[in-house]
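Shown next: data.csv, given as CSV, C-alpha atoms.
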```
chain,number,residue,atom,x,y,z
A,10,MET,CA,57.4,78.8,90.0
A,11,GLU,CA,60.1,79.3,92.7
A,12,TRP,CA,59.4,78.2,96.3
A,13,SER,CA,61.1,80.4,98.8
A,14,ALA,CA,61.6,79.2,102.4
A,15,SER,CA,61.4,81.7,105.3
A,16,ARG,CA,62.5,81.9,108.9
A,17,THR,CA,59.1,80.8,110.2
A,18,GLY,CA,59.1,77.7,108.0
A,19,LEU,CA,56.6,79.2,105.6
A,20,ILE,CA,57.4,78.3,101.9
A,21,ASN,CA,56.2,81.1,99.6
A,22,PRO,CA,55.4,80.6,95.9
A,23,VAL,CA,57.0,83.1,93.7
A,24,ALA,CA,56.0,83.4,90.0
A,25,ILE,CA,58.9,83.8,87.5
A,26,PHE,CA,57.9,85.2,84.1
A,27,ASP,CA,59.3,86.9,81.0
A,28,PRO,CA,60.4,90.5,82.0
A,29,VAL,CA,57.9,93.2,81.4
A,30,GLU,CA,58.0,97.0,82.0
A,31,LEU,CA,55.9,98.2,84.9
A,32,GLU,CA,55.9,101.7,86.3
A,33,GLY,CA,59.3,102.4,84.8
A,34,THR,CA,61.1,99.2,85.9
A,35,SER,CA,61.6,95.8,84.5
A,36,VAL,CA,59.8,93.1,86.5
A,37,SER,CA,60.1,89.3,86.2
A,38,ARG,CA,59.0,88.1,89.6
A,39,ALA,CA,55.8,88.3,91.7
A,40,SER,CA,54.9,86.7,95.0
A,41,VAL,CA,51.8,84.6,94.9
A,42,HIS,CA,51.6,84.5,98.7
A,43,ASN,CA,49.9,81.1,99.3
A,44,ILE,CA,48.5,78.0,97.8
A,45,SER,CA,45.0,79.2,97.9
A,46,ILE,CA,45.9,82.0,95.5
A,47,VAL,CA,47.7,79.5,93.3
A,48,GLU,CA,44.5,77.4,93.2
A,49,ASN,CA,42.2,80.3,92.6
A,50,LEU,CA,44.3,81.5,89.7
A,51,GLU,CA,44.6,77.9,88.4
A,52,LEU,CA,48.3,78.5,87.8
A,53,ASN,CA,50.7,76.1,86.1
A,54,ILE,CA,54.1,76.4,84.4
A,55,GLY,CA,53.8,78.0,80.9
A,56,ASP,CA,50.6,79.9,81.7
A,57,THR,CA,50.1,83.4,80.2
A,58,ILE,CA,49.4,86.0,83.0
A,59,CYS,CA,48.6,89.7,83.4
A,60,VAL,CA,50.7,91.4,86.0
A,61,TYR,CA,50.5,94.9,87.7
A,62,LYS,CA,52.2,96.8,90.6
A,63,ALA,CA,49.9,97.1,93.6
A,64,ASN,CA,50.2,100.7,94.9
A,65,MET,CA,52.7,101.2,92.1
A,66,ILE,CA,55.3,99.1,94.1
A,67,ILE,CA,54.6,95.4,94.6
A,68,PRO,CA,54.3,93.1,91.5
A,69,GLN,CA,51.2,91.0,91.6
A,70,ILE,CA,49.3,88.7,89.3
A,71,ALA,CA,46.0,90.2,88.2
A,72,GLU,CA,44.8,87.4,86.0
A,73,ASN,CA,45.7,84.0,84.5
A,74,LEU,CA,44.6,84.0,80.9
A,75,THR,CA,45.2,80.3,80.2
A,76,ARG,CA,44.3,78.7,83.6
A,77,SER,CA,45.9,75.3,82.9
A,78,GLY,CA,46.0,74.5,86.7
A,79,ASN,CA,47.5,71.5,88.3
A,80,LEU,CA,50.7,73.2,89.5
A,81,LYS,CA,52.8,70.7,91.5
A,82,ILE,CA,53.0,71.6,95.2
A,83,PRO,CA,56.5,70.5,96.5
A,84,LYS,CA,56.4,67.7,99.0
A,85,GLN,CA,60.0,68.5,100.0
A,86,CYS,CA,61.4,71.7,101.4
A,87,PRO,CA,63.6,73.4,98.6
A,88,VAL,CA,66.3,74.0,101.2
A,89,CYS,CA,66.6,71.0,103.5
A,90,GLY,CA,64.7,68.4,101.4
A,91,GLN,CA,62.6,67.4,104.4
A,92,LYS,CA,58.8,66.9,104.2
A,93,THR,CA,56.4,69.8,103.8
A,94,GLU,CA,52.8,70.1,104.9
A,95,ILE,CA,49.9,72.2,103.9
A,96,ARG,CA,48.2,74.1,106.7
A,97,SER,CA,45.3,76.4,107.0
A,98,GLU,CA,46.0,80.0,108.3
A,99,ASN,CA,43.7,82.9,108.2
A,100,ASN,CA,41.4,81.0,105.8
A,101,ALA,CA,44.1,80.3,103.3
A,102,LYS,CA,46.2,77.2,102.5
A,103,VAL,CA,49.9,77.7,103.1
A,104,LEU,CA,52.9,75.4,102.7
A,105,PHE,CA,55.3,74.8,105.6
A,106,CYS,CA,58.6,72.9,106.1
A,107,LYS,CA,58.2,70.5,109.0
A,108,ASN,CA,61.9,70.3,109.8
A,109,PRO,CA,62.6,72.4,113.0
A,110,ASN,CA,66.3,72.5,112.1
A,111,CYS,CA,65.9,73.6,108.5
A,112,GLN,CA,68.9,75.7,107.4
A,113,ALA,CA,66.6,78.3,105.8
A,114,LYS,CA,64.9,79.0,109.1
A,115,LYS,CA,68.3,79.6,110.8
A,116,ILE,CA,69.7,81.7,108.0
A,117,LYS,CA,66.6,83.9,107.6
A,118,SER,CA,66.3,84.3,111.4
A,119,PHE,CA,70.0,85.5,111.6
A,120,THR,CA,69.4,87.7,108.6
A,121,LEU,CA,66.6,89.4,110.4
A,122,PHE,CA,68.6,89.7,113.6
A,123,VAL,CA,71.5,91.6,111.9
A,124,SER,CA,69.2,93.7,109.6
A,125,ARG,CA,69.2,97.5,109.7
A,126,ASP,CA,65.9,97.9,111.7
A,127,ALA,CA,67.0,95.2,114.2
A,128,MET,CA,70.6,94.9,115.6
A,129,ASN,CA,72.0,96.7,112.5
A,130,ILE,CA,75.3,94.8,112.3
A,131,GLU,CA,76.9,96.4,109.2
A,132,GLY,CA,78.5,94.3,106.6
A,133,LEU,CA,77.1,91.0,107.9
A,134,SER,CA,75.4,89.7,104.7
A,135,GLU,CA,73.2,86.7,104.3
A,136,ALA,CA,76.0,85.0,102.3
A,137,THR,CA,78.5,85.6,105.2
A,138,LEU,CA,76.0,84.2,107.7
A,139,GLU,CA,75.5,81.1,105.6
A,140,LYS,CA,79.3,80.5,105.7
A,141,LEU,CA,79.4,81.1,109.5
A,142,VAL,CA,76.5,78.7,110.0
A,143,ASP,CA,78.0,76.0,107.7
A,144,LEU,CA,81.3,76.1,109.6
A,145,GLY,CA,79.4,75.7,112.9
A,146,ILE,CA,80.7,79.0,114.2
A,147,VAL,CA,77.2,80.4,114.6
A,148,LYS,CA,74.4,78.2,116.1
A,149,GLU,CA,72.4,81.0,117.8
A,150,PRO,CA,72.4,84.8,117.7
A,151,ALA,CA,74.6,85.2,120.8
A,152,ASP,CA,77.4,83.3,119.0
A,153,LEU,CA,77.9,86.4,116.8
A,154,PHE,CA,79.3,88.2,119.9
A,155,HIS,CA,82.1,85.6,120.2
A,156,LEU,CA,83.4,85.5,116.6
A,157,SER,CA,86.9,86.5,117.9
A,158,ARG,CA,87.3,82.9,119.1
A,159,TYR,CA,87.3,81.8,115.4
A,160,LYS,CA,89.6,84.4,113.9
A,161,ASP,CA,91.7,81.9,111.8
A,162,MET,CA,88.6,80.1,110.5
A,163,ILE,CA,86.9,83.4,109.5
A,164,ILE,CA,90.0,84.9,107.9
A,165,SER,CA,90.4,81.8,105.8
A,166,MET,CA,86.8,82.0,104.5
A,167,GLU,CA,86.4,82.9,100.8
A,168,GLY,CA,86.3,86.6,100.2
A,169,PHE,CA,87.6,87.3,103.7
A,170,GLY,CA,90.9,88.5,105.1
A,171,GLU,CA,92.4,90.3,108.1
A,172,LYS,CA,90.7,93.6,107.3
A,173,SER,CA,87.3,92.1,106.6
A,174,TYR,CA,87.6,90.2,109.9
A,175,GLU,CA,88.5,93.4,111.9
A,176,ASN,CA,85.6,95.2,110.3
A,177,LEU,CA,83.2,92.4,111.2
A,178,ILE,CA,84.3,92.4,114.8
A,179,THR,CA,84.0,96.2,115.1
A,180,ALA,CA,80.5,96.1,113.6
A,181,VAL,CA,79.4,93.5,116.2
A,182,GLU,CA,81.0,95.4,119.1
A,183,ASN,CA,79.2,98.6,118.0
A,184,VAL,CA,75.8,97.0,118.7
A,185,ARG,CA,76.4,95.8,122.2
A,186,GLU,CA,74.3,98.8,123.3
A,187,ILE,CA,70.9,98.9,121.6
A,188,GLU,CA,67.4,100.3,121.8
A,189,MET,CA,65.1,97.9,123.4
A,190,TYR,CA,62.5,98.0,120.7
A,191,ARG,CA,65.1,97.1,118.1
A,192,PHE,CA,66.3,94.1,120.2
A,193,LEU,CA,62.7,93.0,120.6
A,194,TYR,CA,62.2,93.1,116.9
A,195,SER,CA,65.4,91.3,116.2
A,196,LEU,CA,64.2,88.2,118.1
A,197,GLY,CA,62.0,87.4,115.1
A,198,ILE,CA,58.7,86.9,117.0
A,199,PRO,CA,56.1,86.0,114.4
A,200,ASN,CA,53.9,89.0,113.4
A,201,ILE,CA,56.0,91.5,115.4
A,202,GLY,CA,57.2,94.3,113.2
A,203,ILE,CA,59.3,97.3,114.2
A,204,SER,CA,56.2,99.4,114.8
A,205,ASN,CA,54.6,96.7,117.1
A,206,ALA,CA,57.9,96.4,119.0
A,207,LYS,CA,57.9,100.1,119.6
A,208,LEU,CA,54.3,100.1,120.8
A,209,ILE,CA,54.9,97.2,123.2
A,210,CYS,CA,58.1,98.7,124.7
A,211,ARG,CA,56.4,102.0,125.2
A,212,GLU,CA,53.4,100.4,126.9
A,213,PHE,CA,55.6,98.6,129.4
A,214,ASP,CA,58.0,101.5,130.0
A,215,ASN,CA,60.9,99.8,128.4
A,216,ASP,CA,61.0,97.2,131.2
A,217,PHE,CA,62.1,94.0,129.5
A,218,SER,CA,61.1,91.8,132.4
A,219,LYS,CA,57.5,93.1,132.2
A,220,ILE,CA,57.6,92.8,128.4
A,221,ARG,CA,58.5,89.1,128.3
A,222,ALA,CA,55.9,88.4,131.1
A,223,ALA,CA,53.1,90.2,129.4
A,224,THR,CA,49.8,88.3,129.2
A,225,GLN,CA,47.7,88.1,126.0
A,226,GLU,CA,45.0,90.2,127.7
A,227,GLU,CA,47.6,93.0,128.5
A,228,LEU,CA,48.9,92.9,124.9
A,229,THR,CA,45.5,93.1,123.2
A,230,GLU,CA,44.7,96.2,125.3
A,231,ILE,CA,47.4,98.0,123.4
A,232,ALA,CA,46.0,99.9,120.4
A,233,GLY,CA,47.3,98.3,117.3
A,234,VAL,CA,48.0,94.9,118.8
A,235,GLY,CA,45.4,92.3,117.9
A,236,ALA,CA,44.7,88.8,119.1
A,237,VAL,CA,47.0,87.1,116.5
A,238,ILE,CA,50.0,89.3,117.5
A,239,ALA,CA,49.3,88.8,121.2
A,240,GLU,CA,49.1,85.1,120.9
A,241,ALA,CA,52.4,84.8,118.9
A,242,PHE,CA,54.1,87.1,121.4
A,243,TYR,CA,52.9,85.2,124.4
A,244,GLN,CA,53.8,81.8,122.9
A,245,PHE,CA,57.3,83.0,122.0
A,246,PHE,CA,58.1,83.9,125.6
A,247,HIS,CA,56.6,80.7,126.9
A,248,ASP,CA,58.9,78.6,124.8
A,249,LYS,CA,61.8,77.2,126.8
A,250,THR,CA,64.3,77.3,123.9
A,251,LYS,CA,63.3,80.8,122.8
A,252,ASN,CA,63.8,82.1,126.3
A,253,GLU,CA,67.2,80.5,126.6
A,254,ILE,CA,68.3,82.1,123.3
A,255,THR,CA,67.0,85.5,124.6
A,256,ASP,CA,68.8,85.0,128.0
A,257,HIS,CA,72.1,84.3,126.2
A,258,LEU,CA,71.7,87.5,124.2
A,259,LEU,CA,70.8,89.6,127.3
A,260,LYS,CA,74.3,88.6,128.7
A,261,GLU,CA,75.9,90.2,125.6
A,262,ILE,CA,74.1,93.5,125.3
A,263,THR,CA,72.8,96.5,127.3
A,264,PHE,CA,69.8,98.6,126.5
A,265,ARG,CA,70.3,102.2,125.5
A,266,GLN,CA,68.5,104.7,127.7
A,267,GLU,CA,65.5,105.9,125.7
A,268,GLU,CA,65.2,109.7,125.4
A,269,LYS,CA,62.1,111.0,127.0
A,270,VAL,CA,59.5,112.0,124.4
A,271,SER,CA,59.5,115.7,123.9
A,272,LYS,CA,56.5,115.9,121.6
A,273,PRO,CA,53.0,115.5,123.0
A,274,GLN,CA,51.6,112.0,122.2
A,275,LYS,CA,48.6,113.5,120.4
A,276,LEU,CA,48.3,110.5,118.0
A,277,SER,CA,48.4,107.9,120.8
A,278,GLY,CA,46.1,105.0,120.0
A,279,LYS,CA,45.6,106.2,116.4
A,280,ILE,CA,46.4,103.7,113.6
A,281,PHE,CA,47.4,105.0,110.1
A,282,VAL,CA,48.1,103.4,106.7
A,283,ILE,CA,50.0,105.3,104.1
A,284,THR,CA,49.6,104.7,100.3
A,285,GLY,CA,50.4,106.5,97.0
A,286,SER,CA,52.9,109.2,96.3
A,287,LEU,CA,53.8,111.9,98.8
A,288,GLU,CA,54.3,115.6,98.3
A,289,LYS,CA,55.1,117.2,101.7
A,290,TYR,CA,57.3,114.3,103.0
A,291,THR,CA,60.5,112.9,101.4
A,292,ASN,CA,59.1,109.3,101.6
A,293,ARG,CA,56.8,107.1,103.5
A,294,LYS,CA,59.4,106.3,106.1
A,295,GLU,CA,59.7,110.0,107.0
A,296,LEU,CA,56.0,110.3,107.5
A,297,LYS,CA,55.8,107.0,109.4
A,298,ASP,CA,58.6,108.1,111.8
A,299,PHE,CA,56.8,111.4,112.4
A,300,ILE,CA,53.5,109.7,113.2
A,301,GLU,CA,55.2,107.3,115.5
A,302,SER,CA,57.0,110.2,117.3
A,303,LEU,CA,53.5,111.5,118.2
A,304,GLY,CA,52.4,108.1,119.6
A,305,GLY,CA,50.6,106.8,116.5
A,306,LYS,CA,51.1,103.6,114.7
A,307,VAL,CA,51.6,102.9,111.0
A,308,THR,CA,50.6,99.5,109.5
A,309,GLY,CA,50.8,98.1,106.0
A,310,SER,CA,47.2,97.1,105.4
A,311,VAL,CA,43.8,98.6,106.1
A,312,THR,CA,41.7,96.8,108.7
A,313,GLY,CA,38.7,97.5,110.9
A,314,LYS,CA,41.2,99.0,113.5
A,315,THR,CA,42.6,101.5,111.1
A,316,ASN,CA,41.7,105.1,111.9
A,317,TYR,CA,43.0,106.9,108.8
A,318,LEU,CA,44.3,106.1,105.4
A,319,ILE,CA,46.6,108.8,104.2
A,320,ASN,CA,46.3,109.1,100.4
A,321,ASN,CA,46.7,112.2,98.2
A,322,HIS,CA,44.6,110.5,95.6
A,323,ALA,CA,41.4,109.8,97.4
A,324,ALA,CA,39.5,108.9,94.2
A,325,SER,CA,42.0,106.3,93.1
A,326,ALA,CA,40.8,102.7,92.6
A,327,SER,CA,43.7,101.2,94.7
A,328,ALA,CA,43.0,98.1,96.8
A,329,LYS,CA,43.6,100.1,100.0
A,330,ASN,CA,41.2,102.8,99.0
A,331,LYS,CA,38.5,100.3,98.2
A,332,LYS,CA,39.1,98.5,101.6
A,333,ALA,CA,39.0,101.8,103.5
A,334,LYS,CA,35.7,102.7,101.9
A,335,GLU,CA,34.3,99.2,102.6
A,336,LEU,CA,35.2,99.5,106.3
A,337,GLY,CA,34.3,103.2,106.7
A,338,VAL,CA,37.9,104.2,107.3
A,339,GLU,CA,38.5,107.9,106.8
A,340,ILE,CA,40.7,108.7,103.8
A,341,ILE,CA,42.8,111.9,104.3
A,342,THR,CA,45.4,113.7,102.3
A,343,GLU,CA,48.8,114.9,103.6
A,344,GLU,CA,47.4,118.4,103.9
A,345,GLN,CA,44.5,117.2,105.9
A,346,PHE,CA,46.8,115.2,108.1
A,347,GLN,CA,48.9,118.3,108.8
A,348,LYS,CA,45.9,120.4,109.5
A,349,MET,CA,44.7,117.8,111.9
A,350,ILE,CA,48.1,117.9,113.8
A,351,GLU,CA,48.0,121.7,113.8
A,352,THR,CA,44.4,121.8,115.1
A,353,ASP,CA,45.4,119.4,117.9
A,354,GLU,CA,48.2,121.7,118.9
A,355,ASN,CA,46.0,124.8,119.2
```
As structure tokens, what does this structure read like?
Amino acid sequence: MEWSASRTGLINPVAIFDPVELEGTSVSRASVHNISIVENLELNIGDTICVYKANMIIPQIAENLTRSGNLKIPKQCPVCGQKTEIRSENNAKVLFCKNPNCQAKKIKSFTLFVSRDAMNIEGLSEATLEKLVDLGIVKEPADLFHLSRYKDMIISMEGFGEKSYENLITAVENVREIEMYRFLYSLGIPNIGISNAKLICREFDNDFSKIRAATQEELTEIAGVGAVIAEAFYQFFHDKTKNEITDHLLKEITFRQEEKVSKPQKLSGKIFVITGSLEKYTNRKELKDFIESLGGKVTGSVTGKTNYLINNHAASASAKNKKAKELGVEIITEEQFQKMIETDEN
């Protein structure tokens, strides 16, 4: 079992096993998600397990055949070595690193900040970020906009040179103008994904002062934003340190003027989940982008707030299909989805 630290301090258990062929690929790792699942499966090193791919994508443990139990839960963070603690979240036991200055939290936060859906700083890998943090060059995200102060140090880093340095500076300068929703996502607010960020920015007319001053009540009134997300968002912008970090970034960037939506927002307030293979769209991202362009939201899991599950195989026994049927969520095919759009247009 490998324990993987995240930017939030959560330490996730990951099962490592002999490679097996699943859905045409070799798989040797599966996230176990939390300690409660470890306990329910009675996992321990050396157990024999059955694995599968949820929705033909995500490796999961279906069953533990030997159930020897008693897996040791680490008392120290695998990254910083400081004490861990077990907490209860959403009725599940989870492991956290107690150290607020854990290096993993910094690196993972910076990795999210520069990622494609966030600030999209090309060529700035996690390995390079680790080097910059270790050298003391980057202590907070705004420091990335001042790398030119450390030219000699960066050029002397392993694997770097004059050309690599110039490319890095260019990549950083290219993102000084950014869409507001991407900036909001880049801040790493717990539970805020790119779709939530878009919804929130749209709701407050891309006015960042209104966004950061939003109350929990205002946030929960947005279709697709629940109490958990609203509380995390509110707490983030009521944290002195987080606000200072945000203010430092706002001095470095400007927001790109959003184009006015040309398509009618006929899916406004509707929440979709997409699963299974697609026929009429290249991939899920293309369909997701189309739904969002019409004001809808796409989430990763079926809940009581979901309006439609798009699945071309309505009779499949997938977990999402089962959940949708349990909750009375309508399951539609791509063709039905397109007819629904066309009907709304007429």
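For the pair atom CA of Leu303 of chain A and atom CA of Asp126 of chain A, the interatomic distance is 19.5 Å.
Candidate residues A:Ala39, A:Met10, A:Val23, A:Ile116 were compared for distance to Ile66 of chain A, and the nearest is A:Ala39, using all atoms listed in the file.
Distance-wise, atom CA of Ser37 of chain A and atom CA of Gln91 of chain A end up 28.6 Å apart.
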Seminar exercise, completed: Nearest to Leu336 of chain A, restricted to only C-alpha atoms and choosing among A:Val234, A:Leu156, A:Leu318, A:Ala151, comes out as A:Leu318
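Residues with any atom within 8 Å of Leu287 of chain A, counting all atoms listed in the file and excluding same-chain neighbours fewer than 3 positions away, are Tyr290, Thr291, Asn292, Arg293, Asn321 and Glu343 of chain A.
Closest to Leu141 of chain A among A:Asn205, A:Asn183, A:Thr250, A:Ser165 is A:Ser165, based on only C-alpha atoms.
Picture a line from atom CA of Glu98 of chain A to atom CA of His42 of chain A; it runs 12.0 Å.
Using only C-alpha atoms, the nearest neighbour of Gly33 of chain A within the list A:Lys62, A:Lys207, A:Lys251, A:Lys148 is A:Lys62.
The shortest atom-to-atom distance to Phe169 of chain A, with all atoms listed in the file taken into account, belongs to A:Thr137 out of A:Thr75, A:Thr137, A:Asn252, A:Asn99.
Neighbouring residues of Val181 of chain A at 8 Å or closer, counting all atoms listed in the file and skipping chain neighbours under 2 positions away, are Ile130, Glu131, Leu153, Phe154, Leu177, Ile178, Thr179, Asn183, Val184 and Arg185 of chain A.
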Expected file contents, prior selection, C-alpha atoms, as an mmCIF file, in the frame of the given file:
```cif
data_model
loop_
_atom_site.group_PDB
_atom_site.id
_atom_site.type_symbol
_atom_site.label_atom_id
_atom_site.label_comp_id
_atom_site.auth_asym_id
_atom_site.auth_seq_id
_atom_site.Cartn_x
_atom_site.Cartn_y
_atom_site.Cartn_z
ATOM 1 C CA ILE A 130 75.300 94.800 112.300
ATOM 2 C CA GLU A 131 76.900 96.400 109.200
ATOM 3 C CA LEU A 153 77.900 86.400 116.800
ATOM 4 C CA PHE A 154 79.300 88.200 119.900
ATOM 5 C CA LEU A 177 83.200 92.400 111.200
ATOM 6 C CA ILE A 178 84.300 92.400 114.800
ATOM 7 C CA THR A 179 84.000 96.200 115.100
ATOM 8 C CA ASN A 183 79.200 98.600 118.000
ATOM 9 C CA VAL A 184 75.800 97.000 118.700
ATOM 10 C CA ARG A 185 76.400 95.800 122.200
#
```
Problem set entry | Exercise: Lys115 of chain A partners within 10 Å, all atoms listed in the file, chain neighbours under 5 positions left out, as a PyMOL selection string | chain A and resi 15-18+109-110+120-121+138-139+142+147-150
Selected residues written out with C-alpha atoms, as a PDB file, in the coordinates of the input:
```
ATOM      1  CA  SER A  15      61.400  81.700 105.300  1.00  0.00           C
ATOM      2  CA  ARG A  16      62.500  81.900 108.900  1.00  0.00           C
ATOM      3  CA  THR A  17      59.100  80.800 110.200  1.00  0.00           C
ATOM      4  CA  GLY A  18      59.100  77.700 108.000  1.00  0.00           C
ATOM      5  CA  PRO A 109      62.600  72.400 113.000  1.00  0.00           C
ATOM      6  CA  ASN A 110      66.300  72.500 112.100  1.00  0.00           C
ATOM      7  CA  THR A 120      69.400  87.700 108.600  1.00  0.00           C
ATOM      8  CA  LEU A 121      66.600  89.400 110.400  1.00  0.00           C
ATOM      9  CA  LEU A 138      76.000  84.200 107.700  1.00  0.00           C
ATOM     10  CA  GLU A 139      75.500  81.100 105.600  1.00  0.00           C
ATOM     11  CA  VAL A 142      76.500  78.700 110.000  1.00  0.00           C
ATOM     12  CA  VAL A 147      77.200  80.400 114.600  1.00  0.00           C
ATOM     13  CA  LYS A 148      74.400  78.200 116.100  1.00  0.00           C
ATOM     14  CA  GLU A 149      72.400  81.000 117.800  1.00  0.00           C
ATOM     15  CA  PRO A 150      72.400  84.800 117.700  1.00  0.00           C
TER      16      PRO A 150
END
```
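Nearest residue to Glu212 of chain A among A:Phe192, A:Leu31, A:Ala180, A:Gly304 is A:Gly304, counting all atoms listed in the file.
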Exercise. Which polymer residues, protein or nucleic acid, are no farther than 9 Å from (81.7, 88.5, 105.4), counting all atoms listed in the file, as an NGL selection string?
Worked result: :A and (132-138 or 140-141 or 163 or 166-169 or 173-174 or 177)
For this session: Please identify all polymer residues within 10 Å of Ile54 of chain A, counting only C-alpha atoms, omitting same-chain residues fewer than 6 positions from it, and present them as number ranges by chain.
Result: A: 10, 24-26, 77-81
Regenerate segment 18-37 of chain A at the level of N, CA and C atoms and dump it as a short mmCIF file (atom, residue, chain, number, x, y, z; two decimals), keeping the file's coordinate frame.
```
data_model
loop_
_atom_site.label_atom_id
_atom_site.label_comp_id
_atom_site.auth_asym_id
_atom_site.auth_seq_id
_atom_site.Cartn_x
_atom_site.Cartn_y
_atom_site.Cartn_z
N GLY A 18 59.39 78.96 108.57
CA GLY A 18 59.10 77.70 108.00
C GLY A 18 58.09 77.76 106.84
N LEU A 19 57.49 78.94 106.68
CA LEU A 19 56.60 79.20 105.60
C LEU A 19 57.32 79.13 104.25
N ILE A 20 56.77 78.42 103.27
CA ILE A 20 57.40 78.30 101.90
C ILE A 20 56.49 79.08 100.96
N ASN A 21 56.98 80.21 100.47
CA ASN A 21 56.20 81.10 99.60
C ASN A 21 56.35 80.80 98.15
N PRO A 22 55.26 80.70 97.39
CA PRO A 22 55.40 80.60 95.90
C PRO A 22 55.68 81.90 95.28
N VAL A 23 56.65 81.92 94.40
CA VAL A 23 57.00 83.10 93.70
C VAL A 23 56.97 82.85 92.18
N ALA A 24 56.15 83.59 91.45
CA ALA A 24 56.00 83.40 90.00
C ALA A 24 57.17 84.05 89.27
N ILE A 25 57.79 83.31 88.37
CA ILE A 25 58.90 83.80 87.50
C ILE A 25 58.35 83.91 86.10
N PHE A 26 58.48 85.07 85.45
CA PHE A 26 57.90 85.20 84.10
C PHE A 26 58.83 86.09 83.25
N ASP A 27 58.55 86.10 81.93
CA ASP A 27 59.30 86.90 81.00
C ASP A 27 59.26 88.38 81.46
N PRO A 28 60.40 89.09 81.46
CA PRO A 28 60.40 90.50 82.00
C PRO A 28 59.43 91.38 81.22
N VAL A 29 58.75 92.23 81.98
CA VAL A 29 57.90 93.20 81.40
C VAL A 29 58.15 94.58 82.10
N GLU A 30 57.83 95.67 81.42
CA GLU A 30 58.00 97.00 82.00
C GLU A 30 56.78 97.42 82.75
N LEU A 31 56.96 97.74 84.03
CA LEU A 31 55.90 98.20 84.90
C LEU A 31 56.30 99.41 85.68
N GLU A 32 55.56 100.49 85.55
CA GLU A 32 55.90 101.70 86.30
C GLU A 32 57.33 102.11 86.21
N GLY A 33 57.89 101.94 85.00
CA GLY A 33 59.30 102.40 84.80
C GLY A 33 60.36 101.43 85.13
N THR A 34 60.02 100.22 85.57
CA THR A 34 61.10 99.20 85.90
C THR A 34 60.76 97.90 85.24
N SER A 35 61.81 97.10 85.05
CA SER A 35 61.60 95.80 84.50
C SER A 35 61.32 94.79 85.59
N VAL A 36 60.24 94.03 85.42
CA VAL A 36 59.80 93.10 86.50
C VAL A 36 59.69 91.69 85.90
N SER A 37 60.17 90.71 86.67
CA SER A 37 60.10 89.30 86.20
C SER A 37 59.72 88.35 87.31
#
```
